[in-house]
$ cat target37.txt   # compact mmCIF, C-alpha atoms and all ligand atoms
# COMPACT_ATOMS: atom_id res chain seq x y z
CA MET Q 1 16.68 27.11 14.59
CA SER Q 2 18.76 24.06 15.48
CA GLU Q 3 19.98 25.89 18.59
CA ALA Q 4 16.39 26.51 19.63
CA TRP Q 5 15.67 22.80 19.21
CA ALA Q 6 18.78 21.90 21.22
CA GLU Q 7 17.64 24.18 24.01
CA GLN Q 8 14.22 22.53 24.05
CA ARG Q 9 15.92 19.13 24.19
CA GLU Q 10 18.07 20.17 27.15
CA ARG Q 11 14.92 21.22 28.96
CA MET Q 12 13.13 18.00 27.98
CA VAL Q 13 15.96 15.88 29.39
CA ALA Q 14 16.21 17.88 32.61
CA THR Q 15 12.53 18.24 33.46
CA GLN Q 16 10.96 15.09 31.98
CA ILE Q 17 13.73 12.51 32.21
CA VAL Q 18 16.40 13.27 34.83
CA ASN Q 19 13.73 14.59 37.19
CA ARG Q 20 11.90 11.27 36.96
CA GLY Q 21 14.97 9.25 37.81
CA VAL Q 22 16.60 8.10 34.57
CA ARG Q 23 20.36 8.08 35.19
CA ASP Q 24 22.10 6.07 32.42
CA PRO Q 25 24.61 8.58 30.95
CA ALA Q 26 24.48 7.02 27.46
CA VAL Q 27 20.68 7.34 27.37
CA LEU Q 28 20.77 10.95 28.56
CA ALA Q 29 23.49 11.83 26.02
CA ALA Q 30 21.51 10.21 23.20
CA MET Q 31 18.36 12.09 24.11
CA ARG Q 32 20.23 15.38 24.30
CA ALA Q 33 21.82 14.80 20.89
CA ILE Q 34 19.15 13.17 18.69
CA PRO Q 35 16.90 15.62 16.80
CA ARG Q 36 13.53 14.16 17.82
CA HIS Q 37 11.79 16.79 15.66
CA ALA Q 38 13.24 15.15 12.52
CA PHE Q 39 11.07 12.08 13.30
CA VAL Q 40 7.85 14.02 13.87
CA PRO Q 41 5.53 14.97 10.96
CA GLU Q 42 5.86 18.68 9.98
CA THR Q 43 2.39 19.58 11.25
CA ASP Q 44 3.22 18.56 14.83
CA ARG Q 45 6.86 19.63 14.98
CA ALA Q 46 6.29 22.49 17.40
CA LEU Q 47 5.08 19.92 19.96
CA THR Q 48 8.09 17.62 19.52
CA TYR Q 49 9.65 18.21 22.93
CA SER Q 50 6.42 18.27 24.94
CA ASP Q 51 5.79 15.72 27.68
CA GLY Q 52 3.60 13.24 25.81
CA PRO Q 53 3.13 10.97 22.78
CA LEU Q 54 2.41 12.41 19.30
CA ALA Q 55 0.69 11.08 16.18
CA ILE Q 56 2.99 9.82 13.41
CA GLY Q 57 0.39 8.66 10.86
CA ARG Q 58 -1.38 5.32 10.21
CA GLY Q 59 -3.06 5.74 13.63
CA GLN Q 60 0.28 5.20 15.40
CA THR Q 61 2.22 7.29 17.90
CA ILE Q 62 5.78 8.25 18.82
CA SER Q 63 6.17 7.45 22.51
CA GLN Q 64 6.52 10.10 25.22
CA PRO Q 65 10.22 11.05 25.66
CA TYR Q 66 10.31 9.76 29.25
CA ILE Q 67 9.02 6.34 28.19
CA VAL Q 68 11.66 6.09 25.44
CA ALA Q 69 14.36 6.95 27.99
CA LEU Q 70 13.01 4.57 30.62
CA MET Q 71 12.71 1.63 28.20
CA THR Q 72 16.23 2.21 26.88
CA GLU Q 73 17.65 2.38 30.41
CA LEU Q 74 15.80 -0.82 31.40
CA ALA Q 75 17.27 -2.57 28.33
CA ARG Q 76 20.80 -1.83 29.74
CA VAL Q 77 22.22 -1.41 26.29
CA GLY Q 78 26.02 -1.17 25.99
CA ALA Q 79 28.33 -0.24 23.12
CA THR Q 80 28.50 -3.83 21.82
CA SER Q 81 24.89 -4.88 22.48
CA ARG Q 82 22.74 -6.41 19.77
CA VAL Q 83 19.22 -5.05 20.12
CA LEU Q 84 15.88 -5.96 18.56
CA GLU Q 85 13.08 -3.41 18.45
CA VAL Q 86 9.50 -4.40 17.65
CA GLY Q 87 7.48 -1.46 16.26
CA THR Q 88 9.85 0.90 14.42
CA GLY Q 89 7.16 3.57 14.00
CA CYS Q 90 8.90 6.84 13.15
CA GLY Q 91 12.30 5.43 14.13
CA TYR Q 92 13.01 7.70 17.10
CA GLN Q 93 13.34 4.93 19.69
CA THR Q 94 15.39 3.07 17.07
CA ALA Q 95 17.80 6.01 16.92
CA VAL Q 96 18.10 6.24 20.70
CA LEU Q 97 18.87 2.51 20.88
CA ALA Q 98 21.33 2.76 17.96
CA ALA Q 99 23.18 5.58 19.71
CA CYS Q 100 23.68 3.40 22.81
CA ALA Q 101 24.13 -0.06 21.19
CA GLY Q 102 26.38 -1.88 18.76
CA ALA Q 103 23.60 -2.62 16.30
CA VAL Q 104 19.80 -2.52 16.15
CA TRP Q 105 17.35 -4.68 14.20
CA SER Q 106 13.86 -3.18 14.04
CA VAL Q 107 10.64 -4.66 12.65
CA GLU Q 108 7.54 -2.63 11.67
CA LEU Q 109 4.19 -3.89 10.37
CA GLU Q 110 3.35 -0.78 8.28
CA ASP Q 111 5.57 -0.40 5.23
CA GLU Q 112 4.80 3.33 4.94
CA LEU Q 113 6.14 3.96 8.46
CA SER Q 114 9.16 1.71 7.95
CA GLU Q 115 10.09 3.52 4.73
CA ARG Q 116 9.78 6.92 6.34
CA ALA Q 117 11.87 5.78 9.33
CA ALA Q 118 14.51 4.39 6.96
CA ARG Q 119 14.78 7.76 5.21
CA THR Q 120 15.06 9.72 8.45
CA LEU Q 121 17.65 7.36 9.94
CA ALA Q 122 19.70 7.41 6.71
CA GLU Q 123 19.59 11.22 6.56
CA LEU Q 124 20.90 11.35 10.11
CA GLY Q 125 23.71 8.95 9.22
CA TYR Q 126 22.81 5.82 11.23
CA ARG Q 127 24.72 2.85 9.84
CA ASN Q 128 24.12 0.29 12.58
CA VAL Q 129 20.35 -0.06 12.02
CA HIS Q 130 18.60 -2.83 10.07
CA LEU Q 131 14.91 -2.40 9.25
CA ARG Q 132 12.37 -4.91 8.06
CA VAL Q 133 8.62 -4.86 7.36
CA GLY Q 134 6.69 -7.69 8.98
CA ASP Q 135 5.17 -9.10 12.15
CA GLY Q 136 7.62 -8.31 14.93
CA SER Q 137 6.03 -10.77 17.34
CA ARG Q 138 8.07 -13.40 15.47
CA GLY Q 139 11.26 -11.48 16.21
CA TRP Q 140 14.15 -11.60 13.74
CA PRO Q 141 15.43 -15.21 14.00
CA GLU Q 142 18.40 -14.80 11.60
CA ALA Q 143 19.89 -12.02 13.73
CA ALA Q 144 19.15 -13.63 17.15
CA PRO Q 145 20.16 -13.95 19.91
CA PHE Q 146 19.73 -10.39 21.20
CA ASP Q 147 21.13 -8.84 24.37
CA ALA Q 148 18.00 -6.73 24.58
CA ILE Q 149 14.57 -6.59 22.96
CA VAL Q 150 12.40 -3.48 23.19
CA VAL Q 151 8.75 -3.74 22.17
CA THR Q 152 6.84 -0.49 21.54
CA ALA Q 153 3.33 -1.88 20.98
CA ALA Q 154 1.40 -3.90 23.56
CA PRO Q 155 0.44 -7.58 23.18
CA ALA Q 156 -2.00 -9.34 25.53
CA ASP Q 157 0.77 -11.78 26.46
CA VAL Q 158 4.51 -12.07 25.89
CA PRO Q 159 5.19 -13.47 22.39
CA PRO Q 160 7.17 -16.70 23.01
CA ALA Q 161 9.45 -16.12 19.99
CA LEU Q 162 10.82 -12.99 21.64
CA VAL Q 163 11.79 -14.84 24.83
CA ASP Q 164 13.40 -17.56 22.68
CA GLN Q 165 15.52 -14.94 20.90
CA LEU Q 166 16.98 -13.48 24.11
CA ALA Q 167 20.66 -14.18 24.83
CA PRO Q 168 21.59 -15.50 28.31
CA ASN Q 169 20.89 -12.63 30.75
CA GLY Q 170 19.14 -10.85 27.88
CA ARG Q 171 16.47 -8.27 28.75
CA LEU Q 172 13.03 -7.92 27.18
CA VAL Q 173 11.28 -4.60 27.81
CA ILE Q 174 7.63 -4.87 26.84
CA PRO Q 175 4.23 -3.33 27.60
CA ILE Q 176 1.69 -6.06 28.34
CA GLY Q 177 -2.08 -5.90 28.52
CA VAL Q 178 -5.21 -4.92 26.66
CA THR Q 179 -7.48 -2.64 28.68
CA SER Q 180 -4.80 -1.82 31.21
CA GLN Q 181 -1.11 -2.25 30.49
CA GLU Q 182 2.04 -2.62 32.55
CA LEU Q 183 5.57 -2.07 31.34
CA CYS Q 184 7.41 -5.32 32.11
CA LEU Q 185 11.06 -6.31 32.22
CA ILE Q 186 11.71 -9.98 31.49
CA ILE Q 187 15.24 -11.22 32.09
CA ARG Q 188 16.53 -14.51 30.73
CA THR Q 189 18.11 -16.46 33.60
CA PRO Q 190 19.92 -19.83 33.60
CA GLY Q 191 16.75 -21.48 34.92
CA GLY Q 192 14.20 -19.71 32.72
CA THR Q 193 13.00 -16.11 33.06
CA ARG Q 194 12.42 -13.56 35.79
CA ARG Q 195 9.74 -10.91 35.42
CA GLU Q 196 9.44 -7.46 36.98
CA THR Q 197 6.56 -5.03 36.62
CA ILE Q 198 7.75 -1.45 36.24
CA ILE Q 199 4.89 1.06 35.76
CA PRO Q 200 1.42 1.34 34.19
CA VAL Q 201 1.66 2.53 30.58
CA ARG Q 202 -0.49 3.10 27.49
CA PHE Q 203 0.75 1.85 24.11
CA VAL Q 204 -0.97 1.11 20.81
CA PRO Q 205 -1.80 -2.61 20.49
CA LEU Q 206 0.63 -5.08 18.93
CA ARG Q 207 -1.29 -6.42 15.92
N1 LIG Z 301 8.99 3.19 18.65
C1 LIG Z 301 7.97 3.85 17.90
C2 LIG Z 301 6.61 3.58 18.49
C3 LIG Z 301 5.59 3.47 17.43
S1 LIG Z 301 4.01 2.93 18.01
C4 LIG Z 301 8.24 5.33 17.78
O1 LIG Z 301 8.93 5.85 18.66
O2 LIG Z 301 7.80 5.94 16.83
C5 LIG Z 301 4.14 1.18 17.78
C6 LIG Z 301 4.42 0.70 16.39
O3 LIG Z 301 4.29 -0.72 16.39
C7 LIG Z 301 3.49 1.22 15.31
O4 LIG Z 301 4.25 1.84 14.31
C8 LIG Z 301 2.79 -0.05 14.79
O5 LIG Z 301 2.53 0.01 13.40
C9 LIG Z 301 3.80 -1.12 15.12
N2 LIG Z 301 3.27 -2.48 15.24
C10 LIG Z 301 2.09 -2.91 15.72
N3 LIG Z 301 2.00 -4.24 15.68
C11 LIG Z 301 3.17 -4.71 15.17
C12 LIG Z 301 3.69 -6.00 14.87
N4 LIG Z 301 3.00 -7.13 15.10
N5 LIG Z 301 4.93 -6.07 14.34
C13 LIG Z 301 5.65 -4.95 14.08
N6 LIG Z 301 5.21 -3.70 14.35
C14 LIG Z 301 3.99 -3.58 14.88

$ encode --input "target37.txt" --output "C-alpha cells" --more "lines below"
Ligand code: SAH
Amino acid sequence: MSEAWAEQRERMVATQIVNRGVRDPAVLAAMRAIPRHAFVPETDRALTYSDGPLAIGRGQTISQPYIVALMTELARVGATSRVLEVGTGCGYQTAVLAACAGAVWSVELEDELSERAARTLAELGYRNVHLRVGDGSRGWPEAAPFDAIVVTAAPADVPPALVDQLAPNGRLVIPIGVTSQELCLIIRTPGGTRRETIIPVRFVPLR
C-alpha cells in the first residue's frame, strides 16, 4: 500500500509540480517524501494525489499540491529558516514547510482542525512544529521575526501585523482578494516592502 502511495506521489511531483516549473530541490524532495494521504480524511483518501484541493472538514480545504509547492518555493525556506504559517488546516503545508525549514509556527482558527493536525504531525514525527489556535492575522509576536510567512487563507488586504513580523529580507507569501484573488509575494526591503503578483488563485477566506 505505501509503495502504491509513493508511486502516486512520484507521478504527482512529475506531472503537476516539476512540469509547471517548480525547481527547488528541497521542496520537490519534501513532496516526494511526505505522505499527503495521512492528512486527508479517510473518505477522500483515494483522491489524495489528484490535481486539485480537497475538503478537510469545517468547510475548509487542503490546497492543491502545485499551490503548496509553489508557495513553499516562493518562501525560499532554508534549513535554518524560521517560518510562520497562517491557516494550519490539516497540517500538510505545515509538514512541507517543516521538512524544508528550521522550525515552523502555525496558527489555525478552528480548534478541531488544529488538534487533528497536531495528531497527524506528531504521528509522523515532526518535532520542529509549534501549533496554536487563534487568529493568525495577528501573527505570532513572541516567535517573530520570521524569515518567511505563508498564509493559506485569503484576506481582502495584507494584515499589517504579518508585515511587521517579517525579518529583514523576509518573504510573505499570501493570497489577496475577495471575489478574485492573486497570490502575492511581499518582500521586506531596507526601505519598506516590495510586492510581486504571481498568479490568480482561489483560497478560502481569512476570517
Ligand atoms: N494549509 C492548509 C490550508 C487550509 S485552508 C492545508 O493544507 O490544509 C485555510 C485554513 O485557514 C482553514 O483551516 C481555516 O480554518 C484557516 N483560517 C481562516 N481564517 C483564519 C485566521 N484568521 N487565523 C487562522 N486560521 C484561519

$ residues_near_ligand --input "target37.txt" --ligand "ligand LIG 301 (chain Z)" --cutoff "10 Å" --atoms "all atoms listed in the file" --output "ChimeraX atom specification"
/Q:36,39-40,53-65,67-68,85-96,106-114,117,132-139,150-155,159,203-207

$ atom_distance --input "target37.txt" --atom1 "atom CA of Ser81 of chain Q" --atom2 "atom CA of Ala69 of chain Q"
16.8 Å

$ residues_around --input "target37.txt" --residues "Leu74 of chain Q" --least-positions-apart "4" --cutoff "9 Å" --atoms "only C-alpha atoms" --output "list in words"
Ala69, Leu70, Arg171, Leu172, Val173 and Leu185 of chain Q

$ closest_residue --input "target37.txt" --among "Q:Pro160, Q:Gly125, Q:Pro25, Q:Pro35" --to "Ala4 of chain Q" --atoms "only C-alpha atoms"
Q:Pro35

$ closest_residue --input "target37.txt" --among "Q:Val158, Q:Ala167, Q:Ile198, Q:Ala99" --to "Ala26 of chain Q" --atoms "all atoms listed in the file"
Q:Ala99

$ residues_around --input "target37.txt" --residues "Val129 of chain Q" --least-positions-apart "5" --cutoff "6 Å" --atoms "only C-alpha atoms" --output "list in words"
Ala103, Val104 and Trp105 of chain Q

$ write_last_selection --input "target37.txt" --atoms "C-alpha atoms" --output "PDB file, keeping the file's coordinate frame"
ATOM      1  CA  ALA Q 103      23.600  -2.620  16.300  1.00  0.00           C
ATOM      2  CA  VAL Q 104      19.800  -2.520  16.150  1.00  0.00           C
ATOM      3  CA  TRP Q 105      17.350  -4.680  14.200  1.00  0.00           C
TER       4      TRP Q 105
END

$ closest_residue --input "target37.txt" --among "Q:Leu124, Q:Leu131, Q:Val83, Q:Ala156" --to "Gly170 of chain Q" --atoms "only C-alpha atoms"
Q:Val83

$ closest_residue --input "target37.txt" --among "Q:Ala33, Q:Ile149, Q:Ile174, Q:Val18" --to "Glu3 of chain Q" --atoms "all atoms listed in the file"
Q:Ala33

$ closest_residue --input "target37.txt" --among "Q:Ala38, Q:Val163, Q:Arg202, Q:Arg195" --to "Glu182 of chain Q" --atoms "all atoms listed in the file"
Q:Arg202

$ residues_around --input "target37.txt" --residues "Glu10 of chain Q" --least-positions-apart "5" --cutoff "9 Å" --atoms "only C-alpha atoms" --output "CSV table (one decimal) with C-alpha atoms, in the coordinates of the input"
chain,number,residue,atom,x,y,z
Q,5,TRP,CA,15.7,22.8,19.2
Q,15,THR,CA,12.5,18.2,33.5
Q,31,MET,CA,18.4,12.1,24.1
Q,32,ARG,CA,20.2,15.4,24.3

$ closest_residue --input "target37.txt" --among "Q:Ile186, Q:Leu166, Q:Ala14, Q:Val77" --to "Gly102 of chain Q" --atoms "only C-alpha atoms"
Q:Val77

$ atom_distance --input "target37.txt" --atom1 "atom CA of Asp24 of chain Q" --atom2 "atom CA of Val201 of chain Q"
20.8 Å

$ residues_around --input "target37.txt" --residues "Ala144 of chain Q" --least-positions-apart "2" --cutoff "9 Å" --atoms "only C-alpha atoms" --output "list in words"
Arg82, Leu84, Gly139, Trp140, Pro141, Glu142, Phe146, Asp147, Asp164, Gln165, Leu166 and Ala167 of chain Q

$ atom_distance --input "target37.txt" --atom1 "atom CA of Ala29 of chain Q" --atom2 "atom CA of Gln16 of chain Q"
14.3 Å

$ build_atoms --input "target37.txt" --residues "segment 25-46 of chain Q" --atoms "N, CA, C and O atoms" --output "CSV table (one decimal), in the frame of the given file"
chain,number,residue,atom,x,y,z
Q,25,PRO,N,24.0,7.5,31.7
Q,25,PRO,CA,24.6,8.6,31.0
Q,25,PRO,C,24.5,8.4,29.4
Q,25,PRO,O,24.3,9.4,28.7
Q,26,ALA,N,24.6,7.2,28.9
Q,26,ALA,CA,24.5,7.0,27.5
Q,26,ALA,C,23.1,7.4,27.0
Q,26,ALA,O,22.9,8.0,25.9
Q,27,VAL,N,22.1,7.0,27.8
Q,27,VAL,CA,20.7,7.3,27.4
Q,27,VAL,C,20.5,8.9,27.4
Q,27,VAL,O,19.9,9.4,26.5
Q,28,LEU,N,21.0,9.5,28.4
Q,28,LEU,CA,20.8,11.0,28.6
Q,28,LEU,C,21.5,11.7,27.4
Q,28,LEU,O,21.0,12.6,26.8
Q,29,ALA,N,22.7,11.2,27.1
Q,29,ALA,CA,23.5,11.8,26.0
Q,29,ALA,C,22.8,11.7,24.7
Q,29,ALA,O,22.7,12.6,23.9
Q,30,ALA,N,22.2,10.5,24.5
Q,30,ALA,CA,21.5,10.2,23.2
Q,30,ALA,C,20.3,11.1,23.1
Q,30,ALA,O,20.0,11.7,22.0
Q,31,MET,N,19.6,11.3,24.2
Q,31,MET,CA,18.4,12.1,24.1
Q,31,MET,C,18.6,13.6,24.0
Q,31,MET,O,17.8,14.3,23.5
Q,32,ARG,N,19.8,14.0,24.5
Q,32,ARG,CA,20.2,15.4,24.3
Q,32,ARG,C,20.6,15.6,22.9
Q,32,ARG,O,20.5,16.7,22.3
Q,33,ALA,N,21.2,14.6,22.2
Q,33,ALA,CA,21.8,14.8,20.9
Q,33,ALA,C,20.9,14.6,19.7
Q,33,ALA,O,21.0,15.2,18.7
Q,34,ILE,N,19.9,13.6,19.9
Q,34,ILE,CA,19.2,13.2,18.7
Q,34,ILE,C,18.0,14.2,18.4
Q,34,ILE,O,17.2,14.5,19.3
Q,35,PRO,N,17.9,14.6,17.2
Q,35,PRO,CA,16.9,15.6,16.8
Q,35,PRO,C,15.5,14.9,16.7
Q,35,PRO,O,15.1,14.6,15.6
Q,36,ARG,N,14.8,14.8,17.8
Q,36,ARG,CA,13.5,14.2,17.8
Q,36,ARG,C,12.6,14.8,16.8
Q,36,ARG,O,11.8,14.1,16.2
Q,37,HIS,N,12.7,16.1,16.6
Q,37,HIS,CA,11.8,16.8,15.7
Q,37,HIS,C,11.9,16.2,14.2
Q,37,HIS,O,10.9,16.3,13.5
Q,38,ALA,N,13.1,15.7,13.9
Q,38,ALA,CA,13.2,15.2,12.5
Q,38,ALA,C,12.4,13.9,12.3
Q,38,ALA,O,12.1,13.5,11.2
Q,39,PHE,N,11.9,13.3,13.4
Q,39,PHE,CA,11.1,12.1,13.3
Q,39,PHE,C,9.6,12.4,13.4
Q,39,PHE,O,8.8,11.5,13.2
Q,40,VAL,N,9.2,13.6,13.7
Q,40,VAL,CA,7.8,14.0,13.9
Q,40,VAL,C,7.3,14.7,12.6
Q,40,VAL,O,8.0,15.5,12.0
Q,41,PRO,N,6.1,14.3,12.1
Q,41,PRO,CA,5.5,15.0,11.0
Q,41,PRO,C,5.5,16.5,11.1
Q,41,PRO,O,5.2,17.0,12.2
Q,42,GLU,N,5.8,17.2,10.0
Q,42,GLU,CA,5.9,18.7,10.0
Q,42,GLU,C,4.8,19.4,10.8
Q,42,GLU,O,5.1,20.3,11.6
Q,43,THR,N,3.5,18.9,10.7
Q,43,THR,CA,2.4,19.6,11.2
Q,43,THR,C,2.5,19.6,12.8
Q,43,THR,O,1.9,20.4,13.4
Q,44,ASP,N,3.2,18.7,13.4
Q,44,ASP,CA,3.2,18.6,14.8
Q,44,ASP,C,4.6,18.9,15.4
Q,44,ASP,O,4.8,18.8,16.6
Q,45,ARG,N,5.5,19.4,14.5
Q,45,ARG,CA,6.9,19.6,15.0
Q,45,ARG,C,7.0,20.5,16.2
Q,45,ARG,O,7.9,20.3,17.0
Q,46,ALA,N,6.2,21.5,16.3
Q,46,ALA,CA,6.3,22.5,17.4
Q,46,ALA,C,6.1,21.8,18.7
Q,46,ALA,O,6.6,22.3,19.8
